[in-house]
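Colleague: Just one file: start00.txt, with compact mmCIF, C-alpha atoms.
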# COMPACT_ATOMS: atom_id res chain seq x y z
CA MET Q 1 0.00 0.00 0.00
CA ARG Q 2 2.84 2.35 0.75
CA ARG Q 3 4.22 1.91 -2.77
CA VAL Q 4 0.90 2.98 -4.31
CA ASN Q 5 0.88 6.18 -2.24
CA THR Q 6 4.48 6.95 -3.28
CA GLU Q 7 3.64 6.49 -6.95
CA ARG Q 8 0.59 8.74 -6.58
CA ALA Q 9 2.69 11.43 -4.87
CA GLN Q 10 5.30 11.26 -7.65
CA GLN Q 11 2.55 11.55 -10.25
CA ASP Q 12 1.05 14.60 -8.48
CA VAL Q 13 4.47 16.32 -8.35
CA SER Q 14 5.16 15.68 -12.06
CA THR Q 15 1.84 17.25 -13.13
CA GLY Q 16 1.92 20.32 -10.87
CA VAL Q 17 2.26 23.87 -12.08
CA GLY Q 18 5.88 24.06 -10.92
CA ALA Q 19 6.79 20.90 -12.80
CA VAL Q 20 5.18 22.14 -16.01
CA ALA Q 21 6.95 25.50 -15.64
CA GLY Q 22 10.25 23.68 -15.18
CA ARG Q 23 9.69 21.57 -18.27
CA VAL Q 24 8.89 24.58 -20.48
CA ALA Q 25 11.77 26.69 -19.12
CA LEU Q 26 14.22 25.59 -21.84
CA PRO Q 27 11.83 26.27 -24.75
CA GLY Q 28 11.02 29.60 -23.09
CA GLY Q 29 14.70 30.47 -22.90
CA VAL Q 30 15.21 29.58 -26.55
CA LEU Q 31 12.24 31.76 -27.49
CA ALA Q 32 13.64 34.65 -25.42
CA ALA Q 33 17.01 34.36 -27.21
CA VAL Q 34 15.41 34.24 -30.67
CA ALA Q 35 13.07 37.12 -29.81
CA GLY Q 36 16.05 39.14 -28.57
CA ALA Q 37 17.94 38.50 -31.81
CA PHE Q 38 14.92 39.50 -33.89
CA ALA Q 39 14.41 42.60 -31.72
CA TYR Q 40 18.02 43.65 -32.30
CA VAL Q 41 17.80 43.11 -36.06
CA GLY Q 42 14.45 44.92 -36.05
CA THR Q 43 15.99 48.01 -34.46
CA VAL Q 44 19.37 48.06 -36.26
CA ASP Q 45 18.60 48.28 -39.98
CA PRO Q 46 20.82 45.93 -42.04
CA ASN Q 47 20.06 48.00 -45.14
CA GLU Q 48 22.30 50.77 -43.80
CA PRO Q 49 26.00 50.02 -44.36
CA GLY Q 50 28.35 49.61 -41.44
CA HIS Q 51 26.09 47.85 -38.95
CA TYR Q 52 26.75 44.24 -39.93
CA PRO Q 53 29.68 42.52 -41.65
CA VAL Q 54 29.43 41.75 -45.35
CA CYS Q 55 29.07 38.10 -46.38
CA PRO Q 56 32.65 36.91 -46.98
CA LEU Q 57 31.62 34.59 -49.83
CA LEU Q 58 29.81 37.43 -51.61
CA ARG Q 59 32.71 39.82 -51.06
CA LEU Q 60 35.39 37.40 -52.27
CA THR Q 61 33.58 35.64 -55.12
CA GLY Q 62 30.44 37.63 -55.93
CA VAL Q 63 28.36 34.48 -55.31
CA TYR Q 64 25.26 34.65 -53.10
CA CYS Q 65 25.27 32.02 -50.35
CA PRO Q 66 22.00 30.54 -48.99
CA GLY Q 67 22.13 33.01 -46.09
CA CYS Q 68 22.71 36.18 -48.12
CA GLY Q 69 19.85 38.58 -47.45
CA GLY Q 70 18.86 36.78 -44.25
CA LEU Q 71 19.30 39.85 -42.04
CA ARG Q 72 17.37 42.06 -44.45
CA SER Q 73 14.71 39.35 -44.55
CA ALA Q 74 14.52 39.25 -40.74
CA TYR Q 75 14.31 43.05 -40.59
CA ALA Q 76 11.42 43.10 -43.06
CA PHE Q 77 9.76 40.14 -41.31
CA VAL Q 78 9.87 41.93 -37.95
CA HIS Q 79 8.30 45.02 -39.52
CA GLY Q 80 5.55 42.98 -41.18
CA ASP Q 81 6.72 43.53 -44.74
CA TRP Q 82 6.23 39.95 -45.94
CA ALA Q 83 6.88 40.64 -49.63
CA THR Q 84 10.22 42.30 -48.92
CA ALA Q 85 11.16 39.50 -46.51
CA LEU Q 86 10.44 36.88 -49.17
CA GLY Q 87 12.33 38.90 -51.76
CA ALA Q 88 15.41 39.23 -49.54
CA ASN Q 89 15.64 35.52 -48.70
CA ALA Q 90 12.66 33.22 -49.23
CA LEU Q 91 14.47 30.29 -47.65
CA ALA Q 92 15.04 32.29 -44.46
CA VAL Q 93 11.33 33.09 -44.21
CA ALA Q 94 10.56 29.38 -44.58
CA GLY Q 95 13.07 28.78 -41.80
CA TYR Q 96 11.38 31.34 -39.52
CA LEU Q 97 8.02 29.65 -40.06
CA ALA Q 98 9.49 26.16 -39.55
CA PHE Q 99 11.07 27.34 -36.30
CA ALA Q 100 7.71 28.67 -35.10
CA VAL Q 101 5.99 25.34 -35.81
CA LEU Q 102 8.77 23.24 -34.25
CA TRP Q 103 8.93 25.51 -31.20
CA THR Q 104 5.17 25.20 -30.67
CA VAL Q 105 5.35 21.41 -30.90
CA TRP Q 106 8.30 21.47 -28.47
CA VAL Q 107 6.38 23.52 -25.88
CA VAL Q 108 3.29 21.33 -26.10
CA ARG Q 109 5.34 18.15 -25.75
CA ALA Q 110 7.38 19.62 -22.88
CA ALA Q 111 4.23 20.69 -21.03
CA ARG Q 112 2.89 17.16 -21.34
CA GLY Q 113 6.18 15.69 -20.10
CA ARG Q 114 7.19 14.14 -23.41
CA PRO Q 115 10.64 14.63 -24.92
CA MET Q 116 11.11 16.46 -28.20
CA ARG Q 117 12.93 14.35 -30.74
CA ILE Q 118 13.62 15.20 -34.33
CA ASP Q 119 14.86 12.08 -36.06
CA LEU Q 120 15.83 13.02 -39.57
CA GLY Q 121 16.87 10.08 -41.65
CA PRO Q 122 19.35 10.13 -44.49
CA VAL Q 123 16.63 10.87 -47.06
CA GLN Q 124 15.43 13.96 -45.19
CA LEU Q 125 18.97 15.23 -44.58
CA TRP Q 126 19.99 14.73 -48.23
CA SER Q 127 16.75 16.42 -49.34
CA LEU Q 128 17.47 19.40 -47.11
CA GLY Q 129 21.01 19.63 -48.47
CA ALA Q 130 19.72 19.37 -52.05
CA LEU Q 131 17.20 22.15 -51.35
CA LEU Q 132 19.97 24.43 -50.07
CA LEU Q 133 22.16 23.59 -53.05
CA VAL Q 134 19.40 24.17 -55.62
CA PHE Q 135 18.40 27.43 -53.93
CA THR Q 136 22.02 28.61 -53.97
CA VAL Q 137 22.62 27.64 -57.59
CA VAL Q 138 19.36 29.07 -58.91
CA ARG Q 139 19.76 32.40 -57.11
CA ASN Q 140 23.20 32.80 -58.75
CA LEU Q 141 22.05 32.01 -62.31
CA PRO Q 142 20.79 34.75 -64.66
CA PHE Q 143 17.19 33.50 -64.60
CA GLY Q 144 17.24 33.34 -60.77
CA GLY Q 145 17.57 37.09 -60.38
CA TRP Q 146 14.25 37.18 -58.54
CA LEU Q 147 15.97 35.29 -55.69
CA HIS Q 148 18.77 37.87 -55.29
CA PRO Q 149 18.72 39.71 -51.98
The structure in this file should be written as structure tokens.

Modeller:
Amino acid sequence: MRRVNTERAQQDVSTGVGAVAGRVALPGGVLAAVAGAFAYVGTVDPNEPGHYPVCPLLRLTGVYCPGCGGLRSAYAFVHGDWATALGANALAVAGYLAFAVLWTVWVVRAARGRPMRIDLGPVQLWSLGALLLVFTVVRNLPFGGWLHP
């Protein structure tokens, strides 16, 4: 009988408000860090020269990397200018939205006491790499000018 009471007490502790707050503390911290980064980029305009370093690949080779235009995209995204954000770096905007979805799933799972696991297999990883490569190549070709930042 004592064992049943102990198990019940452990179950009550793991479902209390303090336990839930402890489980969502890490996702909350990650959100605070990302919100802080977006707040900084939203206040310091990357369109004005001198605030951020220039992409070294673009400076040395003239080739746009997958991240080129990401800060301008984040700045426009923070200010609600979705068309400009997509024009600066469409892949970055997709990344912002994917982060929002994954973060929401993480919080819900953490609140329920379930671990967050992202198990990407080789097919998904190769597909993600191929997407980055195709995006990079197309934005550097003459007909991919609409993907230039």

Colleague: What's around Gly42 (chain Q) at 10 Å? Count all atoms listed in the file, leave out sequence neighbours fewer than 5 positions away in its own chain, and write the answer as a list of chain:residue names.

Modeller: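 Once the nearby chain positions are removed, what remains is Q:Gly36, Q:Ala37, Q:Leu71, Q:Arg72, Q:Ala74, Q:Tyr75, Q:Ala76, Q:Phe77, Q:Val78, Q:His79.
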
Colleague: Generate a file of the selected residues that holds C-alpha atoms, formatted as a PDB file, in the frame of the given file.

Modeller:
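That gives us again-v2.pdb:
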ATOM      1  CA  GLY Q  36      16.050  39.140 -28.570  1.00  0.00           C
ATOM      2  CA  ALA Q  37      17.940  38.500 -31.810  1.00  0.00           C
ATOM      3  CA  LEU Q  71      19.300  39.850 -42.040  1.00  0.00           C
ATOM      4  CA  ARG Q  72      17.370  42.060 -44.450  1.00  0.00           C
ATOM      5  CA  ALA Q  74      14.520  39.250 -40.740  1.00  0.00           C
ATOM      6  CA  TYR Q  75      14.310  43.050 -40.590  1.00  0.00           C
ATOM      7  CA  ALA Q  76      11.420  43.100 -43.060  1.00  0.00           C
ATOM      8  CA  PHE Q  77       9.760  40.140 -41.310  1.00  0.00           C
ATOM      9  CA  VAL Q  78       9.870  41.930 -37.950  1.00  0.00           C
ATOM     10  CA  HIS Q  79       8.300  45.020 -39.520  1.00  0.00           C
TER      11      HIS Q  79
END

Colleague: Have a look at Q:Tyr40, Q:Tyr64, Q:Tyr96, Q:Trp146 and name the one nearest to Leu133 (chain Q); count all atoms listed in the file.

Modeller: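 The shortest atom-to-atom distance to Leu133 (chain Q) comes from Q:Tyr64.
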
Colleague: Do you have the CA of Pro27 (chain Q)-CA of Ala110 (chain Q) distance handy?

Modeller: 8.2 Å

Colleague: When distances are computed from all atoms listed in the file, which of Q:Phe38, Q:Arg117, Q:Gly129, Q:Leu147 shows the smallest separation from Trp103 (chain Q)?

Modeller: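 Smallest separation from Trp103 (chain Q) among the options: Q:Arg117.
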
Colleague: Could you give me, as a compact mmCIF listing (two decimals) with C-alpha atoms, in the frame of the given file, the residues within 8 Å of His148 (chain Q), counting all atoms listed in the file and dropping anything in the same chain fewer than 3 positions from it?

Modeller:
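selection14.txt written:
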# COMPACT_ATOMS: atom_id res chain seq x y z
CA TYR Q 64 25.26 34.65 -53.10
CA GLY Q 69 19.85 38.58 -47.45
CA GLY Q 87 12.33 38.90 -51.76
CA ALA Q 88 15.41 39.23 -49.54
CA ASN Q 89 15.64 35.52 -48.70
CA ARG Q 139 19.76 32.40 -57.11
CA ASN Q 140 23.20 32.80 -58.75
CA GLY Q 144 17.24 33.34 -60.77
CA GLY Q 145 17.57 37.09 -60.38

Colleague: To one decimal place, how far is CA of Phe143 (chain Q) from CA of Trp82 (chain Q) in Å?

Modeller: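 Distance reported for this atom pair: 22.6 Å.
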
Colleague: Mind giving me the straight-line distance from CA of Val24 (chain Q) to CA of Ala111 (chain Q) in Å, one decimal?

Modeller: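 Separation between CA of Val24 (chain Q) and CA of Ala111 (chain Q): 6.1 Å.
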
Colleague: Would you mind telling me which residue in Q:Leu131, Q:Met116, Q:Val63, Q:Val108 lies nearest to Ala94 (chain Q) when using all atoms listed in the file?

Modeller: Q:Leu131

Colleague: If I put a ball of radius 12 Å at (9.4, 13.0, -19.1) in the file's coordinates, which residues poke into it when counting all atoms listed in the file, written as a list in words?

Modeller: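 With a cut-off of 12 Å, the residues come to Gln11, Ser14, Thr15, Ala19, Val20, Gly22, Arg23, Val24, Arg109, Ala110, Ala111, Arg112, Gly113, Arg114, Pro115 and Met116 of chain Q.
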
Colleague: May I have the selected residues written with C-alpha atoms, as a JSON list (two decimals), in the coordinates of the input?

Modeller:
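For reference, part-v9.json as written:
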[["chain", "number", "residue", "atom", "x", "y", "z"],
["Q", 11, "GLN", "CA", 2.55, 11.55, -10.25],
["Q", 14, "SER", "CA", 5.16, 15.68, -12.06],
["Q", 15, "THR", "CA", 1.84, 17.25, -13.13],
["Q", 19, "ALA", "CA", 6.79, 20.90, -12.80],
["Q", 20, "VAL", "CA", 5.18, 22.14, -16.01],
["Q", 22, "GLY", "CA", 10.25, 23.68, -15.18],
["Q", 23, "ARG", "CA", 9.69, 21.57, -18.27],
["Q", 24, "VAL", "CA", 8.89, 24.58, -20.48],
["Q", 109, "ARG", "CA", 5.34, 18.15, -25.75],
["Q", 110, "ALA", "CA", 7.38, 19.62, -22.88],
["Q", 111, "ALA", "CA", 4.23, 20.69, -21.03],
["Q", 112, "ARG", "CA", 2.89, 17.16, -21.34],
["Q", 113, "GLY", "CA", 6.18, 15.69, -20.10],
["Q", 114, "ARG", "CA", 7.19, 14.14, -23.41],
["Q", 115, "PRO", "CA", 10.64, 14.63, -24.92],
["Q", 116, "MET", "CA", 11.11, 16.46, -28.20]]
